[in-house]
$ cat entry-v1.tsv   # TSV, C-alpha atoms
chain	number	residue	atom	x	y	z
O	506	MET	CA	227.86	0.61	150.62
O	507	LEU	CA	225.67	-0.56	153.48
O	508	PRO	CA	227.70	-2.59	156.02
O	509	GLN	CA	226.75	-6.00	157.38
O	510	SER	CA	225.61	-4.36	160.65
O	511	PHE	CA	222.77	-2.65	158.72
O	512	TYR	CA	221.17	-6.07	158.19
O	513	ASN	CA	221.59	-7.25	161.80
O	514	ARG	CA	218.52	-5.38	163.05
O	515	PRO	CA	214.75	-5.99	163.13
O	516	THR	CA	213.53	-7.04	159.68
O	517	LEU	CA	210.52	-4.70	159.59
O	518	LYS	CA	212.83	-1.74	160.22
O	519	ILE	CA	215.31	-2.87	157.56
O	520	ALA	CA	212.52	-3.36	154.98
O	521	GLN	CA	211.55	0.29	155.42
O	522	ASP	CA	215.12	1.57	155.68
O	523	LEU	CA	215.99	-0.05	152.33
O	524	LEU	CA	213.45	2.17	150.56
O	525	GLY	CA	215.32	4.91	148.73
O	526	CYS	CA	218.61	3.00	148.94
O	527	PHE	CA	220.34	1.90	145.74
O	528	LEU	CA	220.72	-1.63	144.48
O	529	VAL	CA	223.90	-1.60	142.41
O	530	ARG	CA	224.56	-4.21	139.73
O	531	LYS	CA	227.98	-4.36	138.11
O	532	PHE	CA	227.79	-6.52	135.04
O	533	PRO	CA	230.68	-8.67	133.82
O	534	PRO	CA	232.96	-6.96	131.28
O	535	LEU	CA	231.65	-9.11	128.44
O	536	LEU	CA	228.33	-7.26	128.51
O	537	THR	CA	227.82	-3.86	126.89
O	538	LYS	CA	229.71	-0.85	128.24
O	539	GLU	CA	226.47	1.02	128.90
O	540	ARG	CA	225.54	-1.64	131.46
O	541	ALA	CA	228.93	-1.89	133.14
O	542	GLY	CA	227.51	-0.71	136.46
O	543	VAL	CA	224.05	0.63	137.17
O	544	ARG	CA	222.31	1.97	140.31
O	545	TYR	CA	218.61	1.30	140.89
O	546	LYS	CA	216.58	3.00	143.60
O	547	ILE	CA	214.74	0.48	145.81
O	548	VAL	CA	211.08	1.54	145.88
O	549	GLU	CA	209.29	-1.55	147.24
O	550	THR	CA	210.11	-4.32	149.74
O	551	GLU	CA	208.41	-7.11	151.69
O	552	ALA	CA	209.46	-8.53	155.04
O	553	TYR	CA	209.44	-12.20	156.06
O	554	VAL	CA	209.99	-12.49	159.79
O	555	GLY	CA	210.91	-15.59	161.71
O	556	PRO	CA	209.79	-19.21	161.90
O	557	ASN	CA	206.18	-18.38	162.82
O	558	ASP	CA	205.51	-16.25	159.73
O	559	LEU	CA	203.38	-18.64	157.68
O	560	ALA	CA	204.19	-16.72	154.49
O	561	SER	CA	207.91	-17.39	154.98
O	562	HIS	CA	209.80	-20.33	153.51
O	563	ALA	CA	211.16	-20.89	157.02
O	564	SER	CA	207.76	-21.60	158.59
O	565	ARG	CA	208.26	-25.36	158.14
O	566	GLY	CA	211.80	-25.37	159.46
O	567	GLU	CA	215.19	-25.42	157.78
O	568	THR	CA	215.38	-27.17	154.40
O	569	GLU	CA	217.91	-27.37	151.59
O	570	ARG	CA	215.99	-24.62	149.75
O	571	ASN	CA	215.76	-22.13	152.63
O	572	LYS	CA	218.93	-22.86	154.64
O	573	VAL	CA	220.44	-19.53	153.54
O	574	MET	CA	217.65	-17.75	155.49
O	575	PHE	CA	219.13	-19.24	158.68
O	576	GLY	CA	222.55	-17.74	157.92
O	577	LYS	CA	224.18	-14.55	159.04
O	578	PRO	CA	222.69	-11.15	158.17
O	579	GLY	CA	223.60	-9.66	154.83
O	580	ILE	CA	223.55	-12.89	152.83
O	581	ILE	CA	221.74	-12.92	149.49
O	582	TYR	CA	218.85	-15.40	149.36
O	583	VAL	CA	217.67	-16.16	145.82
O	584	TYR	CA	214.98	-18.74	145.25
O	585	PHE	CA	213.23	-20.04	142.16
O	586	THR	CA	209.43	-19.88	142.08
O	587	TYR	CA	206.65	-21.05	139.78
O	588	GLY	CA	209.27	-22.95	137.79
O	589	MET	CA	210.36	-19.77	136.01
O	590	HIS	CA	211.21	-16.79	138.26
O	591	TYR	CA	214.04	-15.87	140.61
O	592	MET	CA	213.38	-13.71	143.67
O	593	LEU	CA	216.04	-11.54	145.37
O	594	ASN	CA	216.02	-11.41	149.18
O	595	ILE	CA	218.50	-10.21	151.79
O	596	VAL	CA	218.83	-12.19	155.04
O	597	THR	CA	218.29	-10.10	158.18
O	598	GLU	CA	218.59	-10.32	161.95
O	599	GLU	CA	220.81	-12.74	163.82
O	600	LYS	CA	222.15	-16.07	162.56
O	601	ASN	CA	219.73	-19.01	163.01
O	602	TYR	CA	216.71	-16.68	163.10
O	603	PRO	CA	215.16	-17.01	159.63
O	604	ALA	CA	214.19	-13.58	158.35
O	605	ALA	CA	214.67	-11.78	155.06
O	606	VAL	CA	213.57	-8.82	152.96
O	607	LEU	CA	212.35	-9.37	149.40
O	608	ILE	CA	213.32	-6.60	146.99
O	609	ARG	CA	210.04	-6.21	145.06
O	610	ALA	CA	210.70	-3.22	142.80
O	611	VAL	CA	213.36	-0.71	141.84
O	612	GLU	CA	213.47	2.48	139.78
O	613	PRO	CA	214.03	2.61	136.86
O	614	ILE	CA	213.26	-0.90	135.68
O	615	LEU	CA	210.68	-1.25	132.98
O	616	ASN	CA	207.55	0.61	134.06
O	617	SER	CA	204.70	0.46	136.52
O	618	LYS	CA	202.72	-1.97	134.37
O	619	THR	CA	205.47	-4.55	134.22
O	620	ASN	CA	207.61	-4.05	137.34
O	621	GLY	CA	207.92	-6.67	140.07
O	622	PRO	CA	210.43	-8.97	141.74
O	623	ALA	CA	210.65	-11.49	138.87
O	624	ARG	CA	211.19	-8.80	136.23
O	625	LEU	CA	213.79	-7.15	138.46
O	626	THR	CA	215.92	-10.30	138.67
O	627	LYS	CA	215.51	-10.97	134.96
O	628	ALA	CA	216.57	-7.43	133.98
O	629	LEU	CA	219.55	-7.49	136.35
O	630	LYS	CA	220.57	-11.05	135.42
O	631	ILE	CA	220.24	-12.27	139.01
O	632	ASP	CA	219.82	-16.01	139.31
O	633	LYS	CA	220.52	-18.87	141.72
O	634	SER	CA	224.28	-18.32	141.37
O	635	PHE	CA	223.89	-15.34	143.78
O	636	ASN	CA	222.27	-17.50	146.49
O	637	GLY	CA	224.44	-17.49	149.62
O	638	LEU	CA	226.73	-14.64	148.52
O	639	LEU	CA	227.30	-11.46	150.55
O	640	ILE	CA	225.43	-8.22	149.70
O	641	TYR	CA	227.88	-6.03	151.67
O	642	THR	CA	230.85	-6.45	149.34
O	643	LYS	CA	231.45	-5.43	145.71
O	644	LYS	CA	233.15	-8.76	145.02
O	645	TYR	CA	230.08	-10.39	143.44
O	646	GLY	CA	228.82	-7.45	141.37
O	647	LEU	CA	225.72	-6.82	143.50
O	648	TRP	CA	225.51	-4.54	146.55
O	649	ILE	CA	223.33	-1.90	148.19
O	650	GLU	CA	224.30	1.73	148.78
O	651	SER	CA	222.71	4.20	151.18
O	652	ARG	CA	220.06	6.74	150.23
O	653	ASP	CA	220.82	10.16	148.78
O	654	GLU	CA	218.03	11.71	150.85
O	655	ASP	CA	215.89	10.84	153.88
O	656	LEU	CA	212.38	9.51	153.57
O	657	LYS	CA	209.77	10.80	155.97
O	658	PRO	CA	207.43	8.23	157.58
O	659	ARG	CA	204.47	9.71	155.67
O	660	GLN	CA	206.25	8.84	152.40
O	661	ILE	CA	206.22	5.11	153.21
O	662	VAL	CA	203.08	3.07	152.53
O	663	LYS	CA	202.56	-0.02	154.70
O	664	THR	CA	200.25	-2.67	153.30
O	665	THR	CA	199.73	-6.41	153.07
O	666	ARG	CA	202.13	-8.64	151.17
O	667	ILE	CA	201.31	-9.95	147.72
O	668	GLY	CA	200.49	-13.59	147.00
O	669	VAL	CA	200.33	-14.89	150.57
O	670	ASP	CA	196.62	-15.65	150.94
O	671	TYR	CA	197.54	-19.13	152.26
O	672	ALA	CA	199.35	-17.68	155.31
O	673	GLY	CA	196.47	-17.61	157.82
O	674	GLU	CA	196.68	-14.64	160.16
O	675	TYR	CA	200.00	-13.68	158.55
O	676	LYS	CA	198.34	-12.81	155.25
O	677	ASN	CA	197.00	-9.64	156.90
O	678	LYS	CA	200.34	-8.40	158.24
O	679	LYS	CA	201.24	-5.03	156.76
O	680	TRP	CA	204.77	-6.09	155.96
O	681	ARG	CA	204.96	-4.74	152.40
O	682	PHE	CA	206.44	-1.26	152.11
O	683	TYR	CA	206.74	1.13	149.21
O	684	ILE	CA	207.45	4.77	148.44
O	685	LYS	CA	204.15	6.61	148.17
O	686	GLY	CA	203.33	7.78	144.65
O	687	ASN	CA	206.27	6.04	142.99
O	688	LYS	CA	205.29	4.86	139.51
O	689	PHE	CA	207.74	1.92	139.61
O	690	VAL	CA	205.99	0.10	142.47
O	691	SER	CA	204.74	-3.31	141.31
O	692	ARG	CA	201.10	-4.05	140.67
O	693	LYS	CA	199.21	-6.54	142.81
$ encode --input "entry-v1.tsv" --output "structure tokens"
Amino acid sequence: MLPQSFYNRPTLKIAQDLLGCFLVRKFPPLLTKERAGVRYKIVETEAYVGPNDLASHASRGETERNKVMFGKPGIIYVYFTYGMHYMLNIVTEEKNYPAAVLIRAVEPILNSKTNGPARLTKALKIDKSFNGLLIYTKKYGLWIESRDEDLKPRQIVKTTRIGVDYAGEYKNKKWRFYIKGNKFVSRK
């Protein structure tokens, strides 16, 4: 399991270092045995860095919705969007500096035509009840484990984030990362 110190580093580095790591979801015992605990390879992330990033929820200051982003590194930040979808983020960097990494896609969830951050949370039954919990403990049934193998820099694609056209100069930041050639990366 990745320790809290993993998340207390620059967000852009963490977003890339999470690629190839495993998001582990342990389901409550009342669900089927086949889904008791499953590992999913993280294949796509997006970074949201600091109070000046106009694509970030923190760009307008601390609010009730985004206060978790201002917390200590390694906290789970789940928000509800478009009145129907949950998004899974992990808070990064030091406390009071609002930064987080959105987990956009994992392997194997669905397929390349239907993968994305909303489908990920739906499939893994991640909702607002995870908001504010720790990702570096098994206590809550959701954690991240290290990679099985190293990724070379040429295997990581850096591109612009999805759905942030409103973010001025920040819409062009290449803060979305994914594993080159992976069929589980979300569509634009």
$ closest_residue --input "entry-v1.tsv" --among "O:Tyr675, O:Trp648, O:Phe682, O:Tyr602" --to "O:Arg514" --atoms "all atoms listed in the file"
O:Tyr602
$ closest_residue --input "entry-v1.tsv" --among "O:Val669, O:Ala560, O:Ile631, O:Val662" --to "O:Val529" --atoms "all atoms listed in the file"
O:Ile631
$ closest_residue --input "entry-v1.tsv" --among "O:His590, O:Ile661, O:Arg692, O:Tyr645" --to "O:Ala628" --atoms "all atoms listed in the file"
O:His590
$ residues_around --input "entry-v1.tsv" --residues "O:Gln660" --least-positions-apart "3" --cutoff "7 Å" --atoms "all atoms listed in the file" --output "list in words"
Leu656, Lys657, Ile684 and Lys685 of chain O
$ closest_residue --input "entry-v1.tsv" --among "O:Tyr683, O:Tyr512, O:Phe575, O:Phe585" --to "O:Arg666" --atoms "all atoms listed in the file"
O:Tyr683
$ residues_around --input "entry-v1.tsv" --residues "O:Asn513" --least-positions-apart "6" --cutoff "8 Å" --atoms "all atoms listed in the file" --output "MDAnalysis selection string"
chainID O and resid 578:579 597:599
$ closest_residue --input "entry-v1.tsv" --among "O:Leu593, O:Leu629, O:Leu638, O:Ile580" --to "O:Phe532" --atoms "only C-alpha atoms"
O:Leu629
$ residues_around --input "entry-v1.tsv" --residues "O:Met574" --least-positions-apart "4" --cutoff "9 Å" --atoms "only C-alpha atoms" --output "PyMOL selection string"
chain O and resi 562-563+567+578+580-582+595-597+600-605+637
$ closest_residue --input "entry-v1.tsv" --among "O:Lys688, O:Arg659, O:Lys676, O:Arg570" --to "O:Asn636" --atoms "all atoms listed in the file"
O:Arg570
$ atom_distance --input "entry-v1.tsv" --atom1 "atom CA of O:Pro658" --atom2 "atom CA of O:Leu639"
28.8 Å
$ residues_around --input "entry-v1.tsv" --residues "stretch 545-548 of chain O" --least-positions-apart "3" --cutoff "12 Å" --atoms "only C-alpha atoms" --output "number ranges by chain"
O: 520-531, 542, 551, 606-615, 617, 620-622, 625, 628-629, 647-654, 656, 660-662, 681-691
$ residues_around --input "entry-v1.tsv" --residues "O:Lys678" --least-positions-apart "5" --cutoff "12 Å" --atoms "all atoms listed in the file" --output "list in words"
Leu517, Glu551, Ala552, Tyr553, Val554, Asp558, Leu559, Ala560, Lys663, Thr664, Thr665, Arg666, Ile667, Val669, Asp670, Ala672 and Gly673 of chain O
$ atom_distance --input "entry-v1.tsv" --atom1 "atom CA of O:Lys518" --atom2 "atom CA of O:Glu569"
27.5 Å
$ atom_distance --input "entry-v1.tsv" --atom1 "atom CA of O:Thr626" --atom2 "atom CA of O:Met589"
11.3 Å
